[in-house]
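Coordinates from coords-v9.pdb are shown below (PDB, C-alpha atoms, pLDDT in the B column).
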MODEL        1
ATOM      1  CA  MET A 296      21.732  -7.360 -27.915  1.00 47.00           C
ATOM      2  CA  GLY A 297      21.330  -8.834 -24.427  1.00 59.00           C
ATOM      3  CA  LYS A 298      18.379 -10.737 -23.067  1.00 73.00           C
ATOM      4  CA  HIS A 299      15.621  -8.917 -21.252  1.00 84.00           C
ATOM      5  CA  HIS A 300      14.838 -10.379 -17.845  1.00 87.00           C
ATOM      6  CA  THR A 301      11.807  -9.547 -15.731  1.00 91.00           C
ATOM      7  CA  GLN A 302      12.141  -7.856 -12.365  1.00 90.00           C
ATOM      8  CA  GLU A 303      10.841 -11.036 -10.728  1.00 92.00           C
ATOM      9  CA  TYR A 304      13.586 -13.096 -12.351  1.00 93.00           C
ATOM     10  CA  LYS A 305      16.252 -10.591 -11.281  1.00 92.00           C
ATOM     11  CA  GLU A 306      14.977 -10.755  -7.703  1.00 91.00           C
ATOM     12  CA  TYR A 307      14.866 -14.562  -7.811  1.00 92.00           C
ATOM     13  CA  VAL A 308      18.506 -14.689  -8.908  1.00 93.00           C
ATOM     14  CA  SER A 309      19.464 -12.087  -6.299  1.00 92.00           C
ATOM     15  CA  LYS A 310      17.752 -14.080  -3.552  1.00 91.00           C
ATOM     16  CA  LEU A 311      19.808 -17.129  -4.488  1.00 90.00           C
ATOM     17  CA  ILE A 312      22.915 -15.133  -3.646  1.00 91.00           C
ATOM     18  CA  VAL A 313      21.761 -12.894  -0.803  1.00 89.00           C
ATOM     19  CA  GLU A 314      19.404 -15.192   1.090  1.00 88.00           C
ATOM     20  CA  GLU A 315      20.686 -18.648   0.196  1.00 89.00           C
ATOM     21  CA  GLY A 316      24.358 -17.730   0.280  1.00 88.00           C
ATOM     22  CA  ARG A 317      25.222 -19.043  -3.171  1.00 90.00           C
ATOM     23  CA  LYS A 318      28.276 -17.692  -4.955  1.00 91.00           C
ATOM     24  CA  ALA A 319      27.484 -15.124  -7.626  1.00 90.00           C
ATOM     25  CA  SER A 320      30.037 -16.653  -9.971  1.00 90.00           C
ATOM     26  CA  ASP A 321      28.425 -20.108  -9.640  1.00 92.00           C
ATOM     27  CA  VAL A 322      24.940 -18.744 -10.286  1.00 92.00           C
ATOM     28  CA  ALA A 323      26.221 -16.726 -13.235  1.00 91.00           C
ATOM     29  CA  TYR A 324      27.814 -19.820 -14.754  1.00 93.00           C
ATOM     30  CA  GLU A 325      24.727 -22.008 -14.204  1.00 93.00           C
ATOM     31  CA  LEU A 326      22.318 -19.449 -15.676  1.00 92.00           C
ATOM     32  CA  GLU A 327      24.697 -18.271 -18.415  1.00 92.00           C
ATOM     33  CA  ILE A 328      24.447 -14.652 -17.313  1.00 91.00           C
ATOM     34  CA  SER A 329      27.472 -12.438 -16.856  1.00 91.00           C
ATOM     35  CA  ALA A 330      28.698 -12.049 -13.291  1.00 90.00           C
ATOM     36  CA  LYS A 331      28.737  -8.271 -13.777  1.00 92.00           C
ATOM     37  CA  THR A 332      25.034  -8.268 -14.647  1.00 92.00           C
ATOM     38  CA  ILE A 333      24.210 -10.402 -11.632  1.00 91.00           C
ATOM     39  CA  SER A 334      26.274  -8.107  -9.417  1.00 91.00           C
ATOM     40  CA  ARG A 335      24.149  -5.140 -10.522  1.00 92.00           C
ATOM     41  CA  TRP A 336      20.964  -7.081  -9.809  1.00 92.00           C
ATOM     42  CA  VAL A 337      22.213  -8.080  -6.359  1.00 91.00           C
ATOM     43  CA  ALA A 338      23.236  -4.500  -5.533  1.00 89.00           C
ATOM     44  CA  ALA A 339      19.791  -3.214  -6.536  1.00 88.00           C
ATOM     45  CA  TYR A 340      18.106  -5.996  -4.557  1.00 87.00           C
ATOM     46  CA  ARG A 341      20.190  -5.266  -1.444  1.00 85.00           C
ATOM     47  CA  MET A 342      19.344  -1.586  -1.719  1.00 83.00           C
ATOM     48  CA  LYS A 343      15.673  -2.432  -2.013  1.00 80.00           C
ATOM     49  CA  ILE A 344      15.612  -4.729   1.019  1.00 78.00           C
ATOM     50  CA  ASN A 345      17.726  -2.349   3.109  1.00 76.00           C
ATOM     51  CA  VAL A 346      15.504   0.612   2.308  1.00 67.00           C
ATOM     52  CA  GLY A 347      12.478  -1.495   3.182  1.00 54.00           C
ATOM     53  CA  LYS A 348      13.948  -2.255   6.611  1.00 60.00           C
ATOM     54  CA  THR A 349      14.192   1.415   7.524  1.00 55.00           C
ATOM     55  CA  GLY A 350      10.499   1.939   6.795  1.00 54.00           C
ATOM     56  CA  GLU A 351      11.152   4.109   3.768  1.00 57.00           C
ATOM     57  CA  ASN A 352       9.700   3.487   0.348  1.00 62.00           C
ATOM     58  CA  TYR A 353      11.860   2.064  -2.427  1.00 62.00           C
ATOM     59  CA  ILE A 354      12.223   4.472  -5.336  1.00 68.00           C
ATOM     60  CA  THR A 355      12.807   3.059  -8.776  1.00 68.00           C
ATOM     61  CA  PRO A 356      15.261   4.807 -11.123  1.00 72.00           C
ATOM     62  CA  SER A 357      12.393   6.072 -13.296  1.00 77.00           C
ATOM     63  CA  GLU A 358      10.602   7.495 -10.236  1.00 79.00           C
ATOM     64  CA  LEU A 359      13.865   9.113  -9.161  1.00 80.00           C
ATOM     65  CA  GLU A 360      14.255  10.702 -12.597  1.00 85.00           C
ATOM     66  CA  LYS A 361      10.674  12.015 -12.414  1.00 89.00           C
ATOM     67  CA  LEU A 362      11.336  13.543  -9.000  1.00 89.00           C
ATOM     68  CA  LYS A 363      14.558  15.082 -10.260  1.00 92.00           C
ATOM     69  CA  LYS A 364      12.755  16.749 -13.186  1.00 94.00           C
ATOM     70  CA  GLN A 365       9.993  17.971 -10.869  1.00 95.00           C
ATOM     71  CA  HIS A 366      12.535  19.462  -8.461  1.00 96.00           C
ATOM     72  CA  GLU A 367      14.457  21.121 -11.294  1.00 96.00           C
ATOM     73  CA  LYS A 368      11.219  22.699 -12.537  1.00 96.00           C
ATOM     74  CA  GLU A 369      10.353  23.941  -9.037  1.00 96.00           C
ATOM     75  CA  LEU A 370      13.878  25.290  -8.578  1.00 96.00           C
ATOM     76  CA  GLN A 371      13.658  27.214 -11.847  1.00 96.00           C
ATOM     77  CA  GLN A 372      10.289  28.673 -10.804  1.00 96.00           C
ATOM     78  CA  LEU A 373      11.708  29.742  -7.425  1.00 96.00           C
ATOM     79  CA  ARG A 374      14.699  31.374  -9.119  1.00 96.00           C
ATOM     80  CA  GLU A 375      12.381  33.334 -11.407  1.00 96.00           C
ATOM     81  CA  GLU A 376      10.252  34.437  -8.455  1.00 96.00           C
ATOM     82  CA  ASN A 377      13.396  35.438  -6.578  1.00 95.00           C
ATOM     83  CA  GLU A 378      14.513  37.617  -9.512  1.00 94.00           C
ATOM     84  CA  ILE A 379      11.110  39.329  -9.576  1.00 94.00           C
ATOM     85  CA  LEU A 380      11.379  40.048  -5.853  1.00 93.00           C
ATOM     86  CA  LYS A 381      14.889  41.447  -6.275  1.00 91.00           C
ATOM     87  CA  LYS A 382      13.670  43.814  -9.004  1.00 89.00           C
ATOM     88  CA  ALA A 383      10.673  44.864  -6.918  1.00 89.00           C
ATOM     89  CA  MET A 384      12.906  45.458  -3.900  1.00 88.00           C
ATOM     90  CA  HIS A 385      15.181  47.630  -6.025  1.00 84.00           C
ATOM     91  CA  ILE A 386      12.198  49.718  -7.168  1.00 84.00           C
ATOM     92  CA  PHE A 387      10.841  50.132  -3.618  1.00 81.00           C
ATOM     93  CA  THR A 388      14.187  51.120  -2.134  1.00 82.00           C
ATOM     94  CA  LYS A 389      14.769  53.606  -4.970  1.00 78.00           C
ATOM     95  CA  ASN A 390      11.370  55.246  -4.347  1.00 68.00           C
ATOM     96  CA  GLN A 391      12.051  55.636  -0.632  1.00 71.00           C
ATOM     97  CA  GLU A 392      15.206  57.679  -1.216  1.00 64.00           C
TER      98      GLU A 392
ENDMDL
END
Mind turning the file's structure into structure tokens?
Amino acid sequence: MGKHHTQEYKEYVSKLIVEEGRKASDVAYELEISAKTISRWVAAYRMKINVGKTGENYITPSELEKLKKQHEKELQQLREENEILKKAMHIFTKNQE
């Protein structure tokens, strides 16, 4: 099983590459972390700093998952309400004939 690194450590490593211009492969070798892992950290860090520049809030994957579940629940509720309205509309149009 792999090592667990804190978010602060991941950002520190990412800053070495993004802000200091170090090569990811060199940093990976020095810290004995796979280059693929570091690449994921750097991509997440770049996304975070780019989102911050546009004035938007950074959304973590867990927050994104929460929002997704909330939206799915709301969508299901709207679909159910829509079905009720369709049935009611059918009844009203039938009574007007």
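Near Ser309 of chain A, within a cut-off of 9 Å and counting all atoms listed in the file, sit the residues A:Tyr304, A:Lys305, A:Glu306, A:Ile312, A:Val313, A:Glu314, A:Ala319, A:Ile333, A:Ser334, A:Trp336, A:Val337, A:Ala338, A:Ala339, A:Tyr340, A:Arg341, with same-chain residues fewer than 3 positions away left out.
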- Query: So what do you get for atom CA of Thr332 of chain A versus atom CA of Lys363 of chain A, distance-wise?
  - Reply: 26.0 Å
- Rounded to one decimal in Å, what is the spacing between atom CA of Glu358 of chain A and atom CA of Met342 of chain A? 15.2 Å
- Message: If we count all atoms listed in the file and set the cut-off at 12 Å, which residues sit around Asp321 of chain A, ignoring sequence neighbours fewer than 6 positions away in its own chain? Please answer as a list in words.
- Response: Val308, Leu311, Ile312, Glu327, Ile328, Ser329, Ala330 and Ile333 of chain A
- Message: Could you tell me how far atom CA of Glu376 of chain A sits from atom CA of Lys389 of chain A, in Å to one decimal place?
- Response: 20.0 Å
